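Dumped upload28.pdb below, it's PDB, C-alpha atoms, pLDDT in the B column:
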ATOM      1  CA  MET E   1     -25.824 -19.437 -25.057  1.00 44.00           C
ATOM      2  CA  ASN E   2     -26.209 -15.691 -25.679  1.00 50.00           C
ATOM      3  CA  THR E   3     -22.688 -15.022 -24.428  1.00 52.00           C
ATOM      4  CA  PHE E   4     -21.342 -17.638 -26.840  1.00 55.00           C
ATOM      5  CA  ASN E   5     -23.218 -16.054 -29.768  1.00 73.00           C
ATOM      6  CA  VAL E   6     -21.839 -12.588 -29.031  1.00 74.00           C
ATOM      7  CA  HIS E   7     -18.251 -13.839 -28.868  1.00 78.00           C
ATOM      8  CA  HIS E   8     -18.770 -15.958 -31.972  1.00 79.00           C
ATOM      9  CA  ALA E   9     -20.077 -12.936 -33.883  1.00 77.00           C
ATOM     10  CA  LYS E  10     -17.110 -10.816 -32.801  1.00 78.00           C
ATOM     11  CA  GLN E  11     -14.683 -13.488 -33.881  1.00 83.00           C
ATOM     12  CA  TRP E  12     -16.453 -13.823 -37.223  1.00 81.00           C
ATOM     13  CA  ALA E  13     -16.297 -10.071 -37.847  1.00 78.00           C
ATOM     14  CA  LYS E  14     -12.574 -10.044 -37.065  1.00 78.00           C
ATOM     15  CA  THR E  15     -11.597 -12.990 -39.249  1.00 82.00           C
ATOM     16  CA  SER E  16     -14.122 -13.213 -42.092  1.00 82.00           C
ATOM     17  CA  ASP E  17     -13.327 -11.775 -45.539  1.00 82.00           C
ATOM     18  CA  SER E  18     -17.011 -11.256 -46.388  1.00 87.00           C
ATOM     19  CA  PHE E  19     -18.257  -7.799 -47.356  1.00 86.00           C
ATOM     20  CA  LEU E  20     -20.582  -7.607 -44.320  1.00 87.00           C
ATOM     21  CA  ALA E  21     -17.840  -8.562 -41.869  1.00 82.00           C
ATOM     22  CA  GLN E  22     -15.459  -6.015 -43.379  1.00 86.00           C
ATOM     23  CA  LEU E  23     -18.155  -3.330 -43.197  1.00 87.00           C
ATOM     24  CA  ILE E  24     -18.912  -4.107 -39.551  1.00 87.00           C
ATOM     25  CA  LYS E  25     -15.221  -4.076 -38.682  1.00 84.00           C
ATOM     26  CA  THR E  26     -14.652  -0.755 -40.465  1.00 87.00           C
ATOM     27  CA  LEU E  27     -17.632   0.870 -38.748  1.00 89.00           C
ATOM     28  CA  TRP E  28     -16.561  -0.464 -35.383  1.00 86.00           C
ATOM     29  CA  PHE E  29     -13.057   0.978 -35.702  1.00 86.00           C
ATOM     30  CA  LYS E  30     -14.497   4.332 -36.723  1.00 87.00           C
ATOM     31  CA  ILE E  31     -16.821   4.332 -33.722  1.00 89.00           C
ATOM     32  CA  LYS E  32     -13.930   3.480 -31.382  1.00 85.00           C
ATOM     33  CA  ALA E  33     -11.917   6.350 -32.881  1.00 87.00           C
ATOM     34  CA  LEU E  34     -14.605   8.968 -32.169  1.00 86.00           C
ATOM     35  CA  GLU E  35     -13.629  11.706 -29.731  1.00 86.00           C
ATOM     36  CA  MET E  36     -15.038  14.955 -28.464  1.00 83.00           C
ATOM     37  CA  PRO E  37     -13.605  18.106 -30.033  1.00 86.00           C
ATOM     38  CA  ASN E  38     -11.247  19.918 -27.695  1.00 85.00           C
ATOM     39  CA  ILE E  39     -12.837  23.105 -26.353  1.00 88.00           C
ATOM     40  CA  PRO E  40     -10.171  24.342 -23.904  1.00 89.00           C
ATOM     41  CA  VAL E  41     -12.313  26.832 -21.985  1.00 90.00           C
ATOM     42  CA  VAL E  42     -15.132  24.329 -21.459  1.00 91.00           C
ATOM     43  CA  PHE E  43     -12.994  21.358 -20.491  1.00 91.00           C
ATOM     44  CA  LYS E  44     -10.639  23.341 -18.271  1.00 93.00           C
ATOM     45  CA  LEU E  45     -13.684  24.523 -16.365  1.00 94.00           C
ATOM     46  CA  LEU E  46     -15.093  20.981 -16.199  1.00 94.00           C
ATOM     47  CA  TYR E  47     -11.751  19.662 -14.999  1.00 94.00           C
ATOM     48  CA  LEU E  48     -11.576  22.316 -12.294  1.00 95.00           C
ATOM     49  CA  VAL E  49     -15.111  21.456 -11.139  1.00 96.00           C
ATOM     50  CA  HIS E  50     -14.203  17.744 -11.153  1.00 96.00           C
ATOM     51  CA  VAL E  51     -11.081  18.285  -9.027  1.00 96.00           C
ATOM     52  CA  VAL E  52     -12.835  20.555  -6.525  1.00 97.00           C
ATOM     53  CA  LEU E  53     -15.780  18.183  -6.107  1.00 96.00           C
ATOM     54  CA  LYS E  54     -13.528  15.138  -5.791  1.00 94.00           C
ATOM     55  CA  GLN E  55     -11.304  16.816  -3.181  1.00 94.00           C
ATOM     56  CA  THR E  56     -14.271  18.167  -1.237  1.00 96.00           C
ATOM     57  CA  ILE E  57     -15.949  14.767  -1.075  1.00 95.00           C
ATOM     58  CA  SER E  58     -12.640  13.147  -0.136  1.00 94.00           C
ATOM     59  CA  ASP E  59     -12.024  15.622   2.698  1.00 95.00           C
ATOM     60  CA  VAL E  60     -15.560  15.263   4.076  1.00 96.00           C
ATOM     61  CA  LEU E  61     -15.254  11.459   4.104  1.00 95.00           C
ATOM     62  CA  ARG E  62     -11.792  11.633   5.666  1.00 95.00           C
ATOM     63  CA  ILE E  63     -12.850  13.979   8.473  1.00 95.00           C
ATOM     64  CA  LEU E  64     -16.306  12.631   9.270  1.00 96.00           C
ATOM     65  CA  TYR E  65     -15.992   8.945   8.409  1.00 96.00           C
ATOM     66  CA  TYR E  66     -12.612   7.349   7.710  1.00 96.00           C
ATOM     67  CA  THR E  67     -10.615   8.953  10.547  1.00 96.00           C
ATOM     68  CA  PRO E  68     -13.169   8.200  13.300  1.00 96.00           C
ATOM     69  CA  LEU E  69     -13.470   4.621  12.035  1.00 96.00           C
ATOM     70  CA  LEU E  70      -9.725   4.034  12.210  1.00 96.00           C
ATOM     71  CA  LYS E  71      -9.453   5.723  15.602  1.00 96.00           C
ATOM     72  CA  SER E  72     -11.947   3.179  16.922  1.00 95.00           C
ATOM     73  CA  ARG E  73      -9.211   0.555  16.371  1.00 95.00           C
ATOM     74  CA  ILE E  74      -6.509   2.609  18.124  1.00 96.00           C
ATOM     75  CA  LYS E  75      -5.922   2.276  21.888  1.00 95.00           C
ATOM     76  CA  ASN E  76      -5.110   5.962  22.443  1.00 96.00           C
ATOM     77  CA  ASN E  77      -6.377   9.146  20.787  1.00 95.00           C
ATOM     78  CA  PRO E  78      -3.685  10.507  18.439  1.00 97.00           C
ATOM     79  CA  LYS E  79      -3.849  14.109  17.255  1.00 97.00           C
ATOM     80  CA  GLY E  80      -3.399  15.195  13.665  1.00 96.00           C
ATOM     81  CA  LEU E  81      -3.982  11.760  12.101  1.00 97.00           C
ATOM     82  CA  TYR E  82      -4.209  12.245   8.330  1.00 97.00           C
ATOM     83  CA  LEU E  83      -5.603   9.518   6.097  1.00 96.00           C
ATOM     84  CA  TYR E  84      -5.225  10.079   2.379  1.00 91.00           C
ATOM     85  CA  GLY E  85      -7.202   8.131  -0.174  1.00 90.00           C
ATOM     86  CA  GLY E  86      -9.584   6.353   2.178  1.00 92.00           C
ATOM     87  CA  LEU E  87      -9.536   3.854   5.032  1.00 94.00           C
ATOM     88  CA  PRO E  88      -6.557   1.532   5.640  1.00 95.00           C
ATOM     89  CA  VAL E  89      -7.330  -2.154   6.152  1.00 95.00           C
ATOM     90  CA  VAL E  90      -6.850  -3.459   9.702  1.00 96.00           C
ATOM     91  CA  ILE E  91      -7.152  -7.236  10.128  1.00 94.00           C
ATOM     92  CA  GLY E  92      -7.088  -9.515  13.134  1.00 91.00           C
ATOM     93  CA  SER E  93      -6.560  -9.064  16.846  1.00 90.00           C
ATOM     94  CA  LEU E  94      -4.208  -6.145  17.261  1.00 95.00           C
ATOM     95  CA  ASP E  95      -3.445  -3.329  19.714  1.00 97.00           C
ATOM     96  CA  ILE E  96      -2.386  -0.118  17.972  1.00 98.00           C
ATOM     97  CA  ILE E  97      -0.798   2.784  19.835  1.00 98.00           C
ATOM     98  CA  MET E  98      -0.183   5.790  17.616  1.00 98.00           C
ATOM     99  CA  GLY E  99       1.618   9.095  18.056  1.00 97.00           C
ATOM    100  CA  ASP E 100       0.567  12.489  16.724  1.00 98.00           C
ATOM    101  CA  LYS E 101       0.721  13.777  13.142  1.00 97.00           C
ATOM    102  CA  VAL E 102       0.794  10.344  11.494  1.00 98.00           C
ATOM    103  CA  ARG E 103       0.050  10.189   7.745  1.00 97.00           C
ATOM    104  CA  LEU E 104      -1.332   6.928   6.462  1.00 96.00           C
ATOM    105  CA  ALA E 105      -2.310   5.881   2.932  1.00 94.00           C
ATOM    106  CA  ALA E 106      -5.625   4.167   2.248  1.00 88.00           C
ATOM    107  CA  MET E 107      -4.131   1.082   0.632  1.00 89.00           C
ATOM    108  CA  THR E 108      -2.062   0.249   3.717  1.00 94.00           C
ATOM    109  CA  THR E 109      -2.808  -3.157   5.249  1.00 96.00           C
ATOM    110  CA  ILE E 110      -2.143  -3.758   8.937  1.00 97.00           C
ATOM    111  CA  SER E 111      -2.626  -7.262  10.318  1.00 96.00           C
ATOM    112  CA  GLY E 112      -2.126  -8.993  13.642  1.00 95.00           C
ATOM    113  CA  ARG E 113      -1.109 -12.628  14.006  1.00 94.00           C
ATOM    114  CA  ALA E 114      -4.194 -14.732  14.683  1.00 88.00           C
ATOM    115  CA  VAL E 115      -2.487 -17.269  16.949  1.00 88.00           C
ATOM    116  CA  GLY E 116      -0.222 -16.951  19.966  1.00 81.00           C
ATOM    117  CA  ASP E 117      -0.413 -16.220  23.676  1.00 84.00           C
ATOM    118  CA  ASN E 118      -0.337 -12.418  23.423  1.00 90.00           C
ATOM    119  CA  ILE E 119      -2.228  -9.807  21.423  1.00 94.00           C
ATOM    120  CA  PRO E 120       0.175  -8.338  18.833  1.00 96.00           C
ATOM    121  CA  GLN E 121       1.102  -4.704  19.364  1.00 97.00           C
ATOM    122  CA  LEU E 122       1.914  -2.004  16.807  1.00 98.00           C
ATOM    123  CA  ILE E 123       3.491   1.141  18.257  1.00 98.00           C
ATOM    124  CA  ILE E 124       3.834   4.143  15.940  1.00 98.00           C
ATOM    125  CA  GLY E 125       5.676   7.292  16.985  1.00 98.00           C
ATOM    126  CA  ASP E 126       5.069  10.940  16.136  1.00 98.00           C
ATOM    127  CA  ASN E 127       5.305  12.392  12.623  1.00 98.00           C
ATOM    128  CA  VAL E 128       5.390   9.031  10.828  1.00 98.00           C
ATOM    129  CA  GLY E 129       4.513   8.685   7.143  1.00 98.00           C
ATOM    130  CA  ILE E 130       3.399   5.360   5.610  1.00 97.00           C
ATOM    131  CA  GLY E 131       2.911   5.160   1.838  1.00 96.00           C
ATOM    132  CA  TRP E 132       0.644   3.356  -0.595  1.00 94.00           C
ATOM    133  CA  ARG E 133       0.259  -0.440  -0.626  1.00 94.00           C
ATOM    134  CA  THR E 134       2.489  -1.008   2.363  1.00 97.00           C
ATOM    135  CA  SER E 135       1.741  -4.076   4.504  1.00 97.00           C
ATOM    136  CA  ILE E 136       2.548  -4.304   8.196  1.00 98.00           C
ATOM    137  CA  SER E 137       2.182  -7.825   9.629  1.00 97.00           C
ATOM    138  CA  VAL E 138       2.575  -7.771  13.404  1.00 97.00           C
ATOM    139  CA  GLY E 139       3.628 -11.054  14.965  1.00 95.00           C
ATOM    140  CA  ASN E 140       4.443  -9.903  18.510  1.00 95.00           C
ATOM    141  CA  THR E 141       5.560  -6.288  18.383  1.00 97.00           C
ATOM    142  CA  ILE E 142       6.439  -3.779  15.695  1.00 98.00           C
ATOM    143  CA  ILE E 143       7.736  -0.368  16.756  1.00 98.00           C
ATOM    144  CA  LEU E 144       8.096   2.603  14.414  1.00 98.00           C
ATOM    145  CA  GLY E 145      10.025   5.469  15.986  1.00 98.00           C
ATOM    146  CA  ASN E 146       9.450   9.177  15.563  1.00 98.00           C
ATOM    147  CA  ASN E 147       9.849  10.692  12.068  1.00 98.00           C
ATOM    148  CA  VAL E 148      10.000   7.295  10.358  1.00 98.00           C
ATOM    149  CA  ARG E 149       9.247   7.322   6.632  1.00 98.00           C
ATOM    150  CA  ILE E 150       7.984   4.197   4.874  1.00 98.00           C
ATOM    151  CA  ALA E 151       7.462   4.512   1.127  1.00 97.00           C
ATOM    152  CA  GLY E 152       4.950   2.609  -0.986  1.00 95.00           C
ATOM    153  CA  ASP E 153       4.977  -1.164  -1.535  1.00 96.00           C
ATOM    154  CA  CYS E 154       6.998  -1.897   1.590  1.00 98.00           C
ATOM    155  CA  TYR E 155       6.413  -4.959   3.767  1.00 98.00           C
ATOM    156  CA  LEU E 156       7.193  -5.392   7.449  1.00 98.00           C
ATOM    157  CA  ALA E 157       6.964  -9.163   7.857  1.00 96.00           C
ATOM    158  CA  GLY E 158       6.613  -9.802  11.577  1.00 96.00           C
ATOM    159  CA  TYR E 159       5.095 -13.213  10.869  1.00 95.00           C
ATOM    160  CA  PRO E 160       4.783 -15.339   7.698  1.00 92.00           C
ATOM    161  CA  GLY E 161       1.283 -16.740   8.185  1.00 89.00           C
ATOM    162  CA  HIS E 162       2.170 -20.320   7.221  1.00 93.00           C
ATOM    163  CA  PRO E 163       4.446 -23.030   8.679  1.00 91.00           C
ATOM    164  CA  ILE E 164       7.638 -24.168   6.968  1.00 93.00           C
ATOM    165  CA  ASN E 165       6.485 -27.793   6.836  1.00 93.00           C
ATOM    166  CA  ALA E 166       4.574 -28.422   3.576  1.00 94.00           C
ATOM    167  CA  LYS E 167       2.241 -31.022   5.092  1.00 94.00           C
ATOM    168  CA  LEU E 168       1.230 -28.623   7.851  1.00 92.00           C
ATOM    169  CA  ARG E 169       0.633 -25.876   5.267  1.00 92.00           C
ATOM    170  CA  ALA E 170      -1.610 -28.199   3.278  1.00 94.00           C
ATOM    171  CA  LEU E 171      -3.618 -28.856   6.451  1.00 93.00           C
ATOM    172  CA  GLY E 172      -4.083 -25.100   6.966  1.00 91.00           C
ATOM    173  CA  LYS E 173      -1.976 -24.941  10.131  1.00 92.00           C
ATOM    174  CA  PRO E 174      -0.670 -21.526  11.262  1.00 90.00           C
ATOM    175  CA  ASP E 175       2.938 -20.413  11.458  1.00 90.00           C
ATOM    176  CA  GLU E 176       5.018 -21.423  14.467  1.00 92.00           C
ATOM    177  CA  ASN E 177       6.396 -19.185  17.208  1.00 91.00           C
ATOM    178  CA  SER E 178       9.946 -19.744  15.972  1.00 91.00           C
ATOM    179  CA  GLN E 179       9.010 -17.992  12.701  1.00 94.00           C
ATOM    180  CA  VAL E 180       7.780 -14.845  14.435  1.00 95.00           C
ATOM    181  CA  GLY E 181       9.929 -11.868  15.391  1.00 96.00           C
ATOM    182  CA  ASP E 182       9.740  -8.254  16.491  1.00 97.00           C
ATOM    183  CA  ILE E 183      10.620  -5.430  14.100  1.00 98.00           C
ATOM    184  CA  ILE E 184      11.966  -2.099  15.333  1.00 98.00           C
ATOM    185  CA  LEU E 185      12.597   0.973  13.183  1.00 98.00           C
ATOM    186  CA  ASP E 186      14.329   3.572  15.334  1.00 98.00           C
ATOM    187  CA  ASP E 187      13.746   7.312  14.962  1.00 97.00           C
ATOM    188  CA  ASP E 188      14.340   8.896  11.540  1.00 97.00           C
ATOM    189  CA  VAL E 189      14.599   5.613   9.612  1.00 98.00           C
ATOM    190  CA  TRP E 190      13.598   5.853   5.942  1.00 98.00           C
ATOM    191  CA  LEU E 191      12.540   2.796   3.954  1.00 98.00           C
ATOM    192  CA  ALA E 192      12.455   3.548   0.224  1.00 98.00           C
ATOM    193  CA  THR E 193       9.972   2.013  -2.201  1.00 97.00           C
ATOM    194  CA  GLY E 194       9.544  -1.756  -2.076  1.00 97.00           C
ATOM    195  CA  VAL E 195      11.723  -2.497   0.962  1.00 98.00           C
ATOM    196  CA  LYS E 196      10.997  -5.745   2.819  1.00 98.00           C
ATOM    197  CA  VAL E 197      11.943  -6.155   6.487  1.00 98.00           C
ATOM    198  CA  MET E 198      12.040  -9.680   7.894  1.00 97.00           C
ATOM    199  CA  PRO E 199      11.183 -10.834  11.468  1.00 97.00           C
ATOM    200  CA  GLY E 200      13.617 -10.073  14.281  1.00 96.00           C
ATOM    201  CA  VAL E 201      15.211  -7.038  12.612  1.00 98.00           C
ATOM    202  CA  THR E 202      16.147  -3.722  14.237  1.00 98.00           C
ATOM    203  CA  ILE E 203      17.131  -0.792  12.016  1.00 98.00           C
ATOM    204  CA  GLY E 204      19.135   1.884  13.803  1.00 97.00           C
ATOM    205  CA  ARG E 205      18.326   5.571  14.023  1.00 96.00           C
ATOM    206  CA  GLY E 206      18.655   7.649  10.865  1.00 96.00           C
ATOM    207  CA  THR E 207      19.415   4.717   8.568  1.00 97.00           C
ATOM    208  CA  ILE E 208      18.140   4.744   4.977  1.00 98.00           C
ATOM    209  CA  VAL E 209      17.325   1.505   3.160  1.00 98.00           C
ATOM    210  CA  ALA E 210      17.410   1.747  -0.642  1.00 98.00           C
ATOM    211  CA  ALA E 211      14.507   0.767  -2.878  1.00 97.00           C
ATOM    212  CA  GLY E 212      13.857  -2.929  -3.399  1.00 97.00           C
ATOM    213  CA  SER E 213      16.111  -4.091  -0.570  1.00 98.00           C
ATOM    214  CA  VAL E 214      15.344  -7.033   1.726  1.00 98.00           C
ATOM    215  CA  VAL E 215      16.522  -6.525   5.308  1.00 98.00           C
ATOM    216  CA  THR E 216      17.235  -9.854   7.014  1.00 97.00           C
ATOM    217  CA  LYS E 217      19.636  -8.703   9.762  1.00 97.00           C
ATOM    218  CA  ASP E 218      20.006  -5.705  12.078  1.00 97.00           C
ATOM    219  CA  LEU E 219      21.360  -2.492  10.582  1.00 98.00           C
ATOM    220  CA  PRO E 220      23.343   0.090  12.604  1.00 97.00           C
ATOM    221  CA  CYS E 221      22.515   3.768  12.976  1.00 96.00           C
ATOM    222  CA  PHE E 222      23.175   6.357  10.273  1.00 96.00           C
ATOM    223  CA  VAL E 223      24.071   4.178   7.314  1.00 97.00           C
ATOM    224  CA  LEU E 224      22.797   3.696   3.786  1.00 97.00           C
ATOM    225  CA  ALA E 225      21.949   0.036   3.165  1.00 98.00           C
ATOM    226  CA  ALA E 226      20.937  -1.696  -0.059  1.00 98.00           C
ATOM    227  CA  GLY E 227      20.661  -5.098  -1.684  1.00 97.00           C
ATOM    228  CA  VAL E 228      19.125  -8.537  -1.305  1.00 96.00           C
ATOM    229  CA  PRO E 229      19.940  -9.197   1.451  1.00 97.00           C
ATOM    230  CA  ALA E 230      20.603  -5.604   2.508  1.00 97.00           C
ATOM    231  CA  ARG E 231      24.122  -4.662   3.492  1.00 97.00           C
ATOM    232  CA  VAL E 232      25.746  -1.410   4.559  1.00 97.00           C
ATOM    233  CA  ILE E 233      26.898   0.656   1.586  1.00 96.00           C
ATOM    234  CA  LYS E 234      28.243   3.683   3.403  1.00 95.00           C
ATOM    235  CA  SER E 235      27.875   5.847   6.480  1.00 95.00           C
ATOM    236  CA  ILE E 236      25.692   8.936   6.363  1.00 91.00           C
ATOM    237  CA  GLU E 237      27.506  12.222   6.889  1.00 74.00           C
ATOM    238  CA  GLU E 238      27.731  13.554  10.419  1.00 57.00           C
ATOM    239  CA  ASP E 239      26.014  16.793   9.296  1.00 55.00           C
ATOM    240  CA  ASN E 240      22.800  14.803   8.870  1.00 55.00           C
ATOM    241  CA  HIS E 241      22.785  13.461  12.421  1.00 55.00           C
ATOM    242  CA  ASP E 242      21.212  16.516  14.041  1.00 54.00           C
TER     243      ASP E 242
END
Write out the structure in this file as structure tokens.
Amino acid sequence: MNTFNVHHAKQWAKTSDSFLAQLIKTLWFKIKALEMPNIPVVFKLLYLVHVVLKQTISDVLRILYYTPLLKSRIKNNPKGLYLYGGLPVVIGSLDIIMGDKVRLAAMTTISGRAVGDNIPQLIIGDNVGIGWRTSISVGNTIILGNNVRIAGDCYLAGYPGHPINAKLRALGKPDENSQVGDIILDDDVWLATGVKVMPGVTIGRGTIVAAGSVVTKDLPCFVLAAGVPARVIKSIEEDNHD
């Protein structure tokens, strides 16, 4: 009842032509327009203090809390693991083997398929970078080679999570084995922002996939690919193959 009265009063103040409603509306807009006077020396100092405190707290949490927590889900003991922004989400039964000097954003989601005969396995090489809001869904196996770069908003779809048959979906049945596939990104692959990689795909060494592309079939080494579905646009110069 109180919530209704508040909203009713706001609506009345916005729409009524009465003197009181107009006065309330005028005062409210003036209050919303209030702002602190700009005192550069003061606010530059406050901003500096804010940044230092925020970074210090972030580093302490990363070193003493987030990194040990994630390492508890990893089968080996990688060196130089750097988590930025917090703790990635790891869901389901999943074996993770990780190389050294991996950089992983907080909003990354890693999941293992809940059904099947084997525990899904995610293998990450050395010097791999995985950006914000990327999802890695491991059906059987996903392998990321050394020096792989995955930008934000990418999706490695090793399994779909639901069956194709609508009746089975409505019953809450899981996906079927025929829908699941391995994904392999060879060394030096770069997925730009928003790339989606479907099950059963291998992307060859040194290949770059342009932003927003959907990779449904294997891509060879050292090419630039783009599109929906992704196709080879051109070869990458030999000078870049070192």
Nearest-residue call for Leu156 of chain E, choices E:Pro37, E:Gly194, E:Gly227, E:Pro174, using only C-alpha atoms: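 Closest candidate: E:Gly194.
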Skip Leu69 of chain E itself and residues of its chain fewer than 3 positions away, then list as a PyMOL selection string all residues within 12 Å of it, counting only C-alpha atoms. chain E and resi 61-66+72-74+81+83+86-90
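For the file at hand, the PyMOL selection byres ((chain E and resi 76) around 9) resolves to Lys71, Ile74, Lys75, Asn77, Pro78, Ile96, Ile97, Met98 and Gly99 of chain E.
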Please report, as JSON, the centre and edge lengths in Å to one decimal of an axis-aligned box covering all listed atoms of segment 55-58 of chain E with 3 Å per side.
{"center_x": -13.6, "center_y": 15.7, "center_z": -1.7, "size_x": 10.6, "size_y": 11.0, "size_z": 9.0}
In Å, with one decimal, what is the gap from atom CA of Ala211 of chain E to atom CA of Gln121 of chain E?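 Atom CA of Ala211 of chain E sits 26.5 Å away from atom CA of Gln121 of chain E.
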Near segment 126-128 of chain E, within 9 Å and counting only C-alpha atoms, which residues show up once chain neighbours fewer than 4 positions away are dropped, as a PDB file with C-alpha atoms, in the coordinates of the input?
ATOM      1  CA  MET E  98      -0.183   5.790  17.616  1.00 98.00           C
ATOM      2  CA  GLY E  99       1.618   9.095  18.056  1.00 97.00           C
ATOM      3  CA  ASP E 100       0.567  12.489  16.724  1.00 98.00           C
ATOM      4  CA  LYS E 101       0.721  13.777  13.142  1.00 97.00           C
ATOM      5  CA  VAL E 102       0.794  10.344  11.494  1.00 98.00           C
ATOM      6  CA  ARG E 103       0.050  10.189   7.745  1.00 97.00           C
ATOM      7  CA  LEU E 104      -1.332   6.928   6.462  1.00 96.00           C
ATOM      8  CA  LEU E 144       8.096   2.603  14.414  1.00 98.00           C
ATOM      9  CA  GLY E 145      10.025   5.469  15.986  1.00 98.00           C
ATOM     10  CA  ASN E 146       9.450   9.177  15.563  1.00 98.00           C
ATOM     11  CA  ASN E 147       9.849  10.692  12.068  1.00 98.00           C
ATOM     12  CA  VAL E 148      10.000   7.295  10.358  1.00 98.00           C
ATOM     13  CA  ARG E 149       9.247   7.322   6.632  1.00 98.00           C
ATOM     14  CA  ILE E 150       7.984   4.197   4.874  1.00 98.00           C
ATOM     15  CA  ASP E 188      14.340   8.896  11.540  1.00 97.00           C
TER      16      ASP E 188
END
Proximity to Gly85 of chain E - best of E:Val223, E:Ala105, E:Ile130, E:Ile110, all atoms listed in the file: E:Ala105
If the PyMOL selection byres ((chain E and resi 120) around 6) is run on the structure shown, which residues does it catch, given as number ranges by chain? E: 94, 112, 119, 121, 138-141
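Taking only C-alpha atoms into account, Lys217 of chain E lies nearest to E:Val201 out of the set E:Val232, E:Val201, E:Ile24, E:Val49.
Across the structure, atom CA of Ile142 of chain E and atom CA of Pro220 of chain E are spaced 17.6 Å apart.
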Please write as number ranges by chain the full residue list that the PyMOL selection byres ((chain E and resi 162-164) around 6) yields on this file. E: 160-161, 165, 169, 174-175
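Minimum distance to Gly80 of chain E across E:Asp17, E:Thr67, E:Gly181, E:Arg231 (counting only C-alpha atoms) occurs at E:Thr67.
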When distances are computed from only C-alpha atoms, which of E:Leu224, E:Val52, E:Val42, E:Val214 shows the smallest separation from Trp190 of chain E? E:Leu224
What's the 7 Å shell around Ala13 of chain E, counting all atoms listed in the file, without same-chain residues fewer than 4 positions away, as a PyMOL selection string? chain E and resi 9+21-22+24-25
With C-alpha atoms kept, could you save the residues just selected as a CSV table (one decimal), in the coordinates of the input?
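Written out: selection18.csv:
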chain,number,residue,atom,x,y,z
E,9,ALA,CA,-20.1,-12.9,-33.9
E,21,ALA,CA,-17.8,-8.6,-41.9
E,22,GLN,CA,-15.5,-6.0,-43.4
E,24,ILE,CA,-18.9,-4.1,-39.6
E,25,LYS,CA,-15.2,-4.1,-38.7
With all atoms listed in the file as the atoms that count, which of E:Ala33, E:Ile143, E:Ala230, E:Leu122 lies nearest to Lys196 of chain E?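 Among E:Ala33, E:Ile143, E:Ala230, E:Leu122, it is E:Ala230 that comes nearest to Lys196 of chain E.
You will find atom CA of Ile203 of chain E at 9.9 Å from atom CA of Leu191 of chain E.
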